[in-house]
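protein14.txt (compact mmCIF, C-alpha atoms) appears below.
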```
# COMPACT_ATOMS: atom_id res chain seq x y z
CA MET P 141 107.25 181.10 49.18
CA SER P 142 110.09 182.29 46.93
CA GLN P 143 109.25 183.92 43.58
CA SER P 144 109.73 181.99 40.38
CA ASN P 145 111.88 183.46 37.65
CA PRO P 146 109.73 185.06 34.94
CA PRO P 147 110.26 183.52 31.48
CA PHE P 148 112.32 186.50 30.28
CA MET P 149 114.94 185.64 32.86
CA SER P 150 115.77 182.27 31.26
CA GLY P 151 119.47 182.23 30.46
CA VAL P 152 120.22 184.75 33.22
CA PRO P 153 121.33 182.16 35.80
CA GLU P 154 123.74 180.73 33.24
CA LEU P 155 125.26 184.11 32.43
CA LEU P 156 125.57 185.15 36.08
CA ALA P 157 127.06 181.82 37.13
CA LEU P 158 129.69 181.90 34.38
CA ARG P 159 130.57 185.53 35.03
CA LEU P 160 131.08 185.09 38.76
CA LEU P 161 132.75 181.67 38.57
CA ALA P 162 135.21 183.08 36.02
CA GLN P 163 136.52 185.28 38.86
CA GLN P 164 136.85 182.50 41.46
CA GLU P 165 135.58 178.99 42.12
CA MET P 166 132.53 178.79 44.39
CA TYR P 167 129.93 176.35 45.63
CA GLY P 168 126.21 176.84 45.08
CA TYR P 169 125.28 178.72 48.24
CA GLU P 170 128.28 181.01 47.91
CA LEU P 171 127.41 181.73 44.27
CA VAL P 172 123.83 182.71 45.10
CA LYS P 173 125.02 185.06 47.82
CA MET P 174 127.51 186.62 45.43
CA VAL P 175 124.81 187.18 42.79
CA ARG P 176 122.70 189.03 45.33
CA LEU P 177 125.66 191.07 46.55
CA VAL P 178 127.08 192.03 43.17
CA SER P 179 123.66 192.86 41.70
CA GLU P 180 122.88 194.95 44.81
CA GLU P 181 119.81 192.84 45.53
CA ASN P 182 118.32 193.63 42.11
CA ILE P 183 118.52 189.99 41.08
CA THR P 184 117.30 187.35 43.50
CA LEU P 185 117.18 183.77 42.23
CA GLY P 186 115.20 180.94 43.81
CA GLU P 187 118.29 179.51 45.39
CA GLY P 188 117.69 175.87 44.47
CA VAL P 189 117.31 176.83 40.79
CA VAL P 190 121.02 177.56 40.51
CA TYR P 191 121.81 173.82 40.61
CA PRO P 192 120.10 172.76 37.35
CA ALA P 193 121.95 175.62 35.64
CA LEU P 194 125.29 174.57 37.15
CA HIS P 195 124.78 170.91 36.28
CA SER P 196 123.74 171.75 32.74
CA LEU P 197 126.80 173.96 32.28
CA GLU P 198 128.99 171.19 33.62
CA LYS P 199 127.44 168.67 31.25
CA SER P 200 128.12 170.95 28.30
CA GLY P 201 131.75 171.33 29.38
CA ALA P 202 131.55 175.00 30.42
CA LEU P 203 132.19 174.22 34.10
CA LYS P 204 134.11 171.63 36.04
CA SER P 205 133.38 170.56 39.62
CA THR P 206 135.55 169.42 42.53
CA SER P 207 134.35 167.82 45.77
CA ARG P 208 135.98 168.98 48.99
CA PRO P 209 135.35 168.02 52.63
CA VAL P 210 134.50 171.12 54.69
CA ASN P 211 133.60 170.92 58.38
CA GLY P 212 132.51 167.30 58.07
CA ARG P 213 130.38 167.99 54.98
CA THR P 214 131.21 167.51 51.31
CA ARG P 215 130.98 170.65 49.20
CA ILE P 216 131.06 170.77 45.43
CA TYR P 217 133.01 173.69 44.03
CA TYR P 218 132.57 174.89 40.45
CA SER P 219 135.04 176.62 38.19
CA VAL P 220 134.96 177.77 34.56
CA THR P 221 136.74 175.85 31.79
CA THR P 222 138.21 177.27 28.58
CA LYS P 223 135.00 176.35 26.79
CA GLY P 224 133.09 178.12 29.56
CA HIS P 225 135.06 181.34 28.99
CA ARG P 226 134.11 181.24 25.31
CA ARG P 227 130.46 180.65 26.24
CA LEU P 228 130.59 183.55 28.68
CA LYS P 229 131.88 185.85 25.98
CA THR P 230 129.06 184.84 23.63
CA LEU P 231 126.37 185.23 26.28
CA THR P 232 127.72 188.60 27.42
CA GLU P 233 127.61 189.98 23.88
CA LYS P 234 124.09 188.68 23.41
CA TRP P 235 122.86 190.26 26.65
CA LYS P 236 124.56 193.54 25.90
CA GLY P 237 122.62 193.60 22.64
CA ILE P 238 119.38 192.94 24.50
CA ARG P 239 120.19 195.59 27.11
CA ASP P 240 120.92 198.18 24.39
CA GLY P 241 117.70 197.30 22.62
CA ILE P 242 115.65 197.67 25.80
CA GLU P 243 117.30 200.97 26.63
CA SER P 244 116.41 202.26 23.16
CA VAL P 245 112.77 201.37 23.68
CA ILE P 246 112.58 202.81 27.19
CA GLU P 247 114.29 206.05 26.26
CA GLY P 248 112.19 206.40 23.11
CA GLU P 249 115.15 206.60 20.76
CA SER P 250 113.74 204.06 18.33
CA PRO P 251 112.52 205.51 14.95
CA CYS P 252 109.17 203.75 15.54
CA PHE P 253 108.19 206.39 18.08
CA ASN P 254 108.20 209.02 15.35
CA LEU P 255 105.81 207.09 13.10
CA LYS P 256 102.15 208.14 13.31
CA MET A 83 130.99 178.64 61.26
CA PHE A 84 129.59 176.30 63.92
CA GLN A 85 128.78 172.64 63.33
CA SER A 86 125.15 172.21 62.38
CA LYS A 87 123.02 169.83 64.43
CA ILE A 88 120.15 169.97 61.97
CA THR A 89 119.10 167.09 59.74
CA PRO A 90 118.17 168.48 56.34
CA PRO A 91 114.99 167.35 54.55
CA GLU A 92 115.28 164.27 52.36
CA PHE A 93 113.70 165.89 49.28
CA SER A 94 112.25 162.45 48.51
CA TYR A 95 109.28 163.86 46.54
CA LEU A 96 111.64 165.93 44.39
CA ALA A 97 113.98 162.97 43.88
CA GLU A 98 111.11 160.72 42.82
CA LYS A 99 109.72 163.30 40.37
CA LEU A 100 113.15 163.81 38.82
CA LEU A 101 113.68 160.05 38.43
CA ARG A 102 110.26 159.65 36.81
CA GLY A 103 111.08 162.59 34.56
CA GLY A 104 114.13 160.75 33.19
CA ILE A 105 117.00 162.28 35.16
CA ALA A 106 119.78 159.75 35.87
CA PRO A 107 119.84 158.39 39.46
CA ARG A 108 123.41 159.58 40.01
CA GLN A 109 122.42 163.11 38.95
CA VAL A 110 119.38 163.04 41.24
CA LYS A 111 121.48 161.89 44.18
CA ARG A 112 123.95 164.70 43.59
CA THR A 113 121.21 167.32 43.28
CA VAL A 114 119.61 166.19 46.53
CA ALA A 115 123.00 166.25 48.30
CA GLU A 116 123.69 169.79 47.11
CA LEU A 117 120.21 170.99 48.10
CA GLN A 118 120.63 169.47 51.55
CA ASP A 119 123.99 171.18 51.98
CA HIS A 120 122.49 174.47 50.79
CA TYR A 121 119.59 174.08 53.20
CA ILE A 122 122.01 173.65 56.12
CA ASP A 123 123.91 176.78 55.05
CA LEU A 124 120.67 178.79 54.89
CA TYR A 125 119.57 177.46 58.26
CA GLU A 126 122.90 178.30 59.88
CA GLU A 127 122.80 181.78 58.36
CA ALA A 128 119.34 182.38 59.82
CA ILE A 129 120.36 181.02 63.24
CA GLY A 130 123.41 183.30 63.11
CA HIS A 131 121.00 186.26 62.77
CA GLY A 132 119.33 185.24 66.03
CA ILE A 133 116.22 183.69 64.48
CA SER A 134 114.52 180.77 66.24
CA GLU A 135 115.15 177.22 65.00
CA GLU A 136 111.63 176.74 63.67
CA LYS A 137 111.65 180.06 61.82
CA ALA A 138 115.15 179.36 60.49
CA LYS A 139 113.91 176.07 59.00
CA GLN A 140 110.98 177.84 57.35
CA GLU A 141 113.25 180.52 55.94
CA ALA A 142 115.66 177.92 54.60
CA HIS A 143 112.78 176.08 52.87
CA SER A 144 111.41 179.29 51.45
CA ALA A 145 114.78 180.55 50.20
CA LEU A 146 115.51 177.29 48.39
CA GLY A 147 112.38 177.83 46.35
CA ASN A 148 109.25 176.02 45.31
CA GLU A 149 109.89 172.30 44.66
CA GLN A 150 107.71 172.35 41.55
CA ASP A 151 109.80 175.17 40.05
CA LEU A 152 112.95 173.24 40.83
CA ILE A 153 111.58 170.09 39.22
CA LYS A 154 110.40 172.03 36.16
CA GLU A 155 113.78 173.74 35.78
CA MET A 156 115.68 170.48 36.15
CA LEU A 157 113.50 168.59 33.66
CA SER A 158 113.82 171.43 31.14
CA GLN A 159 117.57 170.82 30.97
CA LYS A 160 117.64 168.11 28.32
CA LYS A 161 121.36 167.51 28.86
CA LEU A 162 120.57 166.13 32.32
CA LEU A 163 118.29 163.38 31.02
CA SER A 164 119.79 159.90 31.14
CA TRP A 165 120.72 158.00 27.97
CA ALA A 166 118.02 155.45 28.81
CA SER A 167 115.29 158.09 28.81
CA ARG A 168 116.59 159.79 25.66
CA TYR A 169 117.19 156.63 23.64
CA PRO A 170 115.14 153.85 25.27
CA TRP A 171 114.92 151.93 21.96
CA ALA A 172 118.74 151.59 21.91
CA ILE A 173 119.38 150.95 25.62
CA TYR A 174 116.43 148.67 26.39
CA GLY A 175 115.31 147.58 22.93
CA PHE A 176 118.48 146.38 21.21
CA GLY A 177 120.98 146.81 24.01
CA PRO A 178 120.20 143.47 25.73
CA ILE A 179 120.83 141.46 22.54
CA PHE A 180 123.97 143.43 21.77
CA PHE A 181 125.39 142.83 25.25
CA ALA A 182 124.32 139.18 25.23
CA VAL A 183 126.31 138.61 22.02
CA ILE A 184 129.36 140.44 23.40
CA ILE A 185 129.26 138.68 26.76
CA ALA A 186 128.58 135.23 25.26
CA SER A 187 131.45 135.66 22.80
CA ALA A 188 133.98 135.82 25.63
CA PRO A 189 133.54 132.30 27.05
CA ILE A 190 133.10 130.86 23.56
CA GLY A 191 136.31 132.57 22.45
CA ILE A 192 138.20 131.35 25.52
CA LEU A 193 136.89 127.83 25.01
CA GLU A 194 137.85 127.87 21.34
CA SER A 195 141.39 128.98 22.29
CA LEU A 196 141.66 126.22 24.92
CA LEU A 197 140.51 123.62 22.43
CA ILE A 198 143.08 124.76 19.87
CA LEU A 199 145.86 124.74 22.45
CA SER A 200 144.98 121.40 23.95
CA GLU A 201 144.03 119.33 20.92
CA ASP A 202 147.55 118.15 20.16
CA MET A 203 148.12 117.05 23.74
CA THR A 204 144.80 115.40 24.37
CA ILE A 205 144.73 113.39 21.18
CA TYR A 206 147.60 111.34 22.50
CA LEU A 207 146.80 111.52 26.21
CA MET A 208 143.06 110.89 26.33
CA PRO A 209 141.19 107.76 25.24
CA ASP A 210 138.28 108.22 22.79
CA TRP A 211 135.51 107.70 25.31
CA MET A 212 136.99 110.42 27.55
CA GLN A 213 137.33 112.85 24.66
CA ASN A 214 133.71 112.29 23.65
CA SER A 215 132.50 112.74 27.22
CA LEU A 216 134.53 115.92 27.58
CA ILE A 217 133.18 117.27 24.29
CA GLN A 218 129.62 116.56 25.43
CA HIS A 219 130.13 118.34 28.75
CA LEU A 220 131.75 121.33 27.08
CA THR A 221 128.93 121.53 24.53
CA ASN A 222 126.25 121.39 27.21
CA SER A 223 128.00 123.93 29.40
CA THR A 224 128.52 126.40 26.55
CA PHE A 225 124.92 126.02 25.48
CA PHE A 226 123.60 126.40 29.03
CA VAL A 227 125.67 129.50 29.77
CA SER A 228 124.91 131.28 26.49
CA SER A 229 121.22 130.31 26.28
CA TYR A 230 120.18 130.68 29.90
CA ILE A 231 122.72 132.15 32.31
CA ILE A 232 123.76 135.16 30.24
CA PRO A 233 120.21 136.15 29.14
CA ILE A 234 118.91 135.79 32.71
CA ILE A 235 121.70 137.97 34.10
CA ILE A 236 121.07 140.61 31.42
CA LEU A 237 117.30 140.49 31.95
CA GLY A 238 117.74 140.78 35.70
CA TYR A 239 120.16 143.70 35.40
CA MET A 240 117.83 145.46 32.97
CA CYS A 241 114.89 145.10 35.37
CA PHE A 242 117.03 146.42 38.18
CA GLN A 243 117.96 149.50 36.13
CA VAL A 244 114.39 150.10 34.88
CA SER A 245 112.95 150.06 38.37
CA LYS A 246 115.79 152.15 39.82
CA ARG A 247 115.29 154.77 37.12
CA ARG A 248 111.47 154.49 37.04
CA ASP A 249 111.66 154.19 33.24
CA SER A 250 108.72 153.23 31.05
CA LEU A 251 108.20 149.47 30.58
CA VAL A 252 107.49 149.52 26.83
CA TRP A 253 111.00 149.22 25.44
CA PRO A 254 112.28 146.92 28.21
CA ILE A 255 109.45 144.48 27.44
CA ILE A 256 110.30 144.61 23.72
CA GLY A 257 114.01 144.13 24.48
CA ALA A 258 113.36 141.27 26.89
CA THR A 259 111.14 139.53 24.32
CA LEU A 260 113.74 139.90 21.58
CA LEU A 261 116.48 138.59 23.85
CA CYS A 262 114.47 135.57 24.97
CA VAL A 263 113.52 134.72 21.38
CA VAL A 264 117.09 135.05 20.09
CA ALA A 265 118.51 133.10 23.03
CA ALA A 266 115.95 130.36 22.39
CA SER A 267 116.56 130.11 18.66
CA TYR A 268 120.08 128.75 18.35
CA ASN A 269 122.06 125.75 19.41
CA VAL A 270 125.74 125.00 19.97
CA ASN A 271 127.93 122.19 18.77
CA ILE A 272 131.58 121.38 19.28
CA ASN A 273 133.70 119.42 16.81
CA TRP A 274 136.99 118.34 18.29
CA PRO A 275 139.67 117.30 17.71
CA ASP A 276 139.58 115.72 14.27
CA LEU A 277 137.84 118.18 11.99
CA PRO A 278 139.85 121.17 10.71
CA GLY A 279 138.77 124.79 11.14
CA SER A 280 136.77 126.23 14.02
CA HIS A 281 135.81 123.85 16.77
CA ILE A 282 132.71 125.61 18.03
CA TYR A 283 129.84 126.61 15.83
CA LEU A 284 126.37 127.97 16.44
CA TYR A 285 123.41 127.08 14.29
CA GLY A 286 119.78 128.11 14.16
CA ASP A 287 117.27 125.89 15.91
CA PHE A 288 113.81 127.17 15.01
CA ASN A 289 111.52 124.57 16.49
CA PHE A 290 108.66 126.79 17.73
CA LYS A 291 107.68 124.64 20.70
CA THR A 292 111.28 124.36 21.92
CA MET A 293 111.79 128.09 21.46
CA VAL A 294 108.69 128.96 23.50
CA ILE A 295 109.71 126.61 26.32
CA ARG A 296 113.25 127.96 26.42
CA ALA A 297 112.05 131.58 26.34
CA LEU A 298 109.57 130.92 29.16
CA VAL A 299 112.29 129.30 31.24
CA ASN A 300 114.41 132.45 30.86
CA VAL A 301 111.57 134.74 31.84
CA THR A 302 110.58 132.57 34.81
CA LEU A 303 114.11 132.39 36.15
CA ALA A 304 114.51 136.16 35.66
CA ALA A 305 111.16 136.75 37.43
CA ALA A 306 112.82 136.74 40.83
CA PHE A 307 114.97 139.73 39.77
CA ILE A 308 111.96 141.44 38.24
CA ILE A 309 109.80 141.15 41.36
CA TYR A 310 112.64 142.06 43.71
CA SER A 311 113.60 145.16 41.70
CA PHE A 312 110.08 146.50 41.35
CA LYS A 313 109.37 145.95 45.04
CA LYS A 314 112.65 147.48 46.21
CA TYR A 315 112.19 150.68 44.22
CA ARG A 316 108.42 150.84 44.73
CA PHE A 317 108.08 151.05 40.99
CA PHE A 318 104.32 150.94 40.83
CA GLU A 319 103.75 153.26 43.78
CA GLU A 320 101.65 156.28 42.86
CA LEU A 321 103.14 159.65 43.61
CA THR A 322 100.77 162.23 45.03
CA ASP A 323 101.41 165.66 43.55
CA ARG A 324 102.01 168.47 46.01
```
Target encoding structure tokens, full file:
Amino acid sequence: MSQSNPPFMSGVPELLALRLLAQQEMYGYELVKMVRLVSEENITLGEGVVYPALHSLEKSGALKSTSRPVNGRTRIYYSVTTKGHRRLKTLTEKWKGIRDGIESVIEGESPCFNLK
Amino acid sequence: MFQSKITPPEFSYLAEKLLRGGIAPRQVKRTVAELQDHYIDLYEEAIGHGISEEKAKQEAHSALGNEQDLIKEMLSQKKLLSWASRYPWAIYGFGPIFFAVIIASAPIGILESLLILSEDMTIYLMPDWMQNSLIQHLTNSTFFVSSYIIPIIILGYMCFQVSKRRDSLVWPIIGATLLCVVAASYNVNINWPDLPGSHIYLYGDFNFKTMVIRALVNVTLAAAFIIYSFKKYRFFEELTDR
């Protein structure tokens, strides 16, 4: 049984999807594989969970989709819109802030560690 | 990549849960199609690694993730909820009356235009008894279409949509009641060709007994749609949680 994403990871699928789709258009399976590859297996999403994120991003105008016949099957490819690029920029800045904050705590650089 | 011979799972439990959670049928259909395609890709990948068919199916299922997590994630995306589940009071409550007025206006408007265009000709071409008979038929037809046909079609379509989407019955019942009452509370008359101004006018007809009978006729005639829709989409079937 695949692991569920812990609550802290909410928003991560959105960020990863936008970042990778900004490079090239992909379909769901391809995107999940790319996430695993680029994150060096550090991030593994329940593969079906990528679709609610993709559909939600499409509904909000950040992504657009195209259907294409491939080997007798219909695949839906996603690509980032102009609005999606702006959203990606916002999310990236937000996550960089979170990453910096976590690093400060882990490395004990926060002034709070000196308070006794 | 070789052609897959596998038939993917139908995800019928997931589809049903999403519909009952308020996701639009078109969105559900698309999600299921994408999951099926993804499942085939996972299966083919596993087969390509030399794994047995049975094991490959299990791995594909496992990789896709727990259905409950998928359902929870999908239902948490408010943007994916249908308009009917977000605003049932507008779609099912007042929507039927709104659409009934719009739809009924079209034939009345066309008829009014025809009467205006034809009155000069017919005054001289038709004898009085024929004009009166024609007026009577036109009046009855307009009344019949706007009071019965249009409300029944709207009621039937609404039931079809409610059962297809597995929406709650509260607002559809309120909307259906309002529509039947409004449709039963007016009458139509046609004045033509002598009187100036508009030829067709609607007036309130608030005889309680007549209104009840007319409303019941609408509901009874729409009942066939109601029963068919609920049976087709197994509306009242209980879903066993996995």
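Distances to chain A were evaluated for P:Lys204, P:Arg227, P:Arg159, P:Arg215 using only C-alpha atoms, and the minimum falls at P:Arg215.
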Practice prompt. With a cut-off of 8 Å and counting all atoms listed in the file, select all residues of chain A in contact with chain P and give the selection as a PyMOL selection string.
Written response: chain A and resi 85+113+116-117+119-120+123+144-148+151-152+155-156+159+161-162
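Of the listed residues (P:Val210, P:Thr232, P:Leu194, P:Ala202), P:Leu194 comes nearest to Gln109 (chain A); the distances count all atoms listed in the file.
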Worksheet entry | For Gly201 (chain P): contacts at 8 Å, all atoms listed in the file, fewer than 4 positions along chain excluded, given as an MDAnalysis selection string | chainID P and resid 197 221 223:224
Save the residues we just selected, C-alpha atoms, as a PDB file, in the coordinates of the input?
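The result, written out as selection-v2.pdb:
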```
ATOM      1  CA  LEU P 197     126.800 173.960  32.280  1.00  0.00           C
ATOM      2  CA  THR P 221     136.740 175.850  31.790  1.00  0.00           C
ATOM      3  CA  LYS P 223     135.000 176.350  26.790  1.00  0.00           C
ATOM      4  CA  GLY P 224     133.090 178.120  29.560  1.00  0.00           C
TER       5      GLY P 224
END
```
Taking every listed atom of region 191-195 of chain P and adding 4 Å to each side, what centre and edge lengths in Å (one decimal) does the axis-aligned box have, as lines of an AutoDock Vina configuration file?
```
center_x = 122.7
center_y = 173.3
center_z = 38.1
size_x = 13.2
size_y = 12.7
size_z = 13.0
```
Worksheet item: Thr292 (chain A): which residues within 12 Å, counting all atoms listed in the file, same-chain residues fewer than 2 positions away excluded, as a ChimeraX atom specification?
Response: /A:263,265-269,287-290,294-299
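Counting from CA of Val183 (chain A), the distance to CA of Ile236 (chain A) is 10.9 Å.
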Response to the item:
Expressed in Å, the length from CA of Gly132 (chain A) to CA of Leu171 (chain P) is 23.5 Å
Could you add whatever atoms are missing so that region 234-245 of chain P carries all heavy atoms, then write the result as a CSV table (one decimal), in the frame of the given file?
```csv
chain,number,residue,atom,x,y,z
P,234,LYS,N,125.5,188.8,23.7
P,234,LYS,CA,124.1,188.7,23.4
P,234,LYS,C,123.3,189.5,24.4
P,234,LYS,O,122.4,190.3,24.0
P,234,LYS,CB,123.7,187.2,23.6
P,234,LYS,CG,122.2,186.9,23.3
P,234,LYS,CD,122.0,185.4,23.6
P,234,LYS,CE,120.5,185.2,23.8
P,234,LYS,NZ,120.2,183.9,24.3
P,235,TRP,N,123.6,189.5,25.7
P,235,TRP,CA,122.9,190.3,26.6
P,235,TRP,C,123.1,191.8,26.5
P,235,TRP,O,122.2,192.6,26.8
P,235,TRP,CB,123.2,189.8,28.1
P,235,TRP,CG,122.3,188.6,28.4
P,235,TRP,CD1,122.5,187.3,28.3
P,235,TRP,CD2,120.9,188.7,28.8
P,235,TRP,NE1,121.4,186.5,28.6
P,235,TRP,CE2,120.4,187.4,28.9
P,235,TRP,CE3,120.0,189.7,29.1
P,235,TRP,CZ2,119.1,187.1,29.4
P,235,TRP,CZ3,118.7,189.4,29.5
P,235,TRP,CH2,118.3,188.1,29.6
P,236,LYS,N,124.3,192.1,26.1
P,236,LYS,CA,124.6,193.5,25.9
P,236,LYS,C,123.7,194.1,24.8
P,236,LYS,O,123.2,195.2,24.8
P,236,LYS,CB,126.0,193.8,25.6
P,236,LYS,CG,126.9,193.8,26.8
P,236,LYS,CD,128.4,194.0,26.4
P,236,LYS,CE,129.2,194.1,27.7
P,236,LYS,NZ,130.7,194.1,27.4
P,237,GLY,N,123.5,193.2,23.7
P,237,GLY,CA,122.6,193.6,22.6
P,237,GLY,C,121.2,193.8,23.1
P,237,GLY,O,120.5,194.7,22.8
P,238,ILE,N,120.7,192.9,24.0
P,238,ILE,CA,119.4,192.9,24.5
P,238,ILE,C,119.2,194.2,25.4
P,238,ILE,O,118.2,194.9,25.3
P,238,ILE,CB,119.0,191.7,25.3
P,238,ILE,CG1,118.9,190.5,24.4
P,238,ILE,CG2,117.7,191.8,26.1
P,238,ILE,CD1,118.8,189.1,25.1
P,239,ARG,N,120.2,194.4,26.2
P,239,ARG,CA,120.2,195.6,27.1
P,239,ARG,C,120.1,196.9,26.3
P,239,ARG,O,119.3,197.8,26.6
P,239,ARG,CB,121.5,195.6,28.0
P,239,ARG,CG,121.5,196.8,28.9
P,239,ARG,CD,123.0,197.0,29.4
P,239,ARG,NE,123.8,197.4,28.3
P,239,ARG,CZ,125.2,197.4,28.4
P,239,ARG,NH1,125.8,197.1,29.5
P,239,ARG,NH2,125.9,197.7,27.3
P,240,ASP,N,120.9,197.0,25.2
P,240,ASP,CA,120.9,198.2,24.4
P,240,ASP,C,119.6,198.4,23.7
P,240,ASP,O,119.1,199.5,23.6
P,240,ASP,CB,122.0,198.1,23.3
P,240,ASP,CG,123.4,198.2,24.0
P,240,ASP,OD1,123.5,198.6,25.1
P,240,ASP,OD2,124.4,197.8,23.3
P,241,GLY,N,119.0,197.3,23.3
P,241,GLY,CA,117.7,197.3,22.6
P,241,GLY,C,116.6,197.8,23.6
P,241,GLY,O,115.8,198.6,23.2
P,242,ILE,N,116.6,197.3,24.8
P,242,ILE,CA,115.6,197.7,25.8
P,242,ILE,C,115.8,199.1,26.2
P,242,ILE,O,114.8,199.9,26.3
P,242,ILE,CB,115.8,196.8,27.0
P,242,ILE,CG1,115.3,195.3,26.7
P,242,ILE,CG2,114.9,197.3,28.2
P,242,ILE,CD1,115.5,194.4,27.8
P,243,GLU,N,117.0,199.6,26.3
P,243,GLU,CA,117.3,201.0,26.6
P,243,GLU,C,116.7,201.9,25.5
P,243,GLU,O,116.2,202.9,25.8
P,243,GLU,CB,118.8,201.2,26.8
P,243,GLU,CG,119.3,200.9,28.2
P,243,GLU,CD,120.8,201.1,28.3
P,243,GLU,OE1,121.4,201.6,27.4
P,243,GLU,OE2,121.3,200.7,29.4
P,244,SER,N,116.9,201.5,24.3
P,244,SER,CA,116.4,202.3,23.2
P,244,SER,C,114.9,202.4,23.3
P,244,SER,O,114.4,203.5,23.0
P,244,SER,CB,116.7,201.6,21.8
P,244,SER,OG,118.1,201.5,21.7
P,245,VAL,N,114.2,201.3,23.6
P,245,VAL,CA,112.8,201.4,23.7
P,245,VAL,C,112.3,202.3,24.9
P,245,VAL,O,111.5,203.1,24.7
P,245,VAL,CB,112.2,199.9,23.8
P,245,VAL,CG1,110.7,200.0,24.2
P,245,VAL,CG2,112.5,199.1,22.6
```
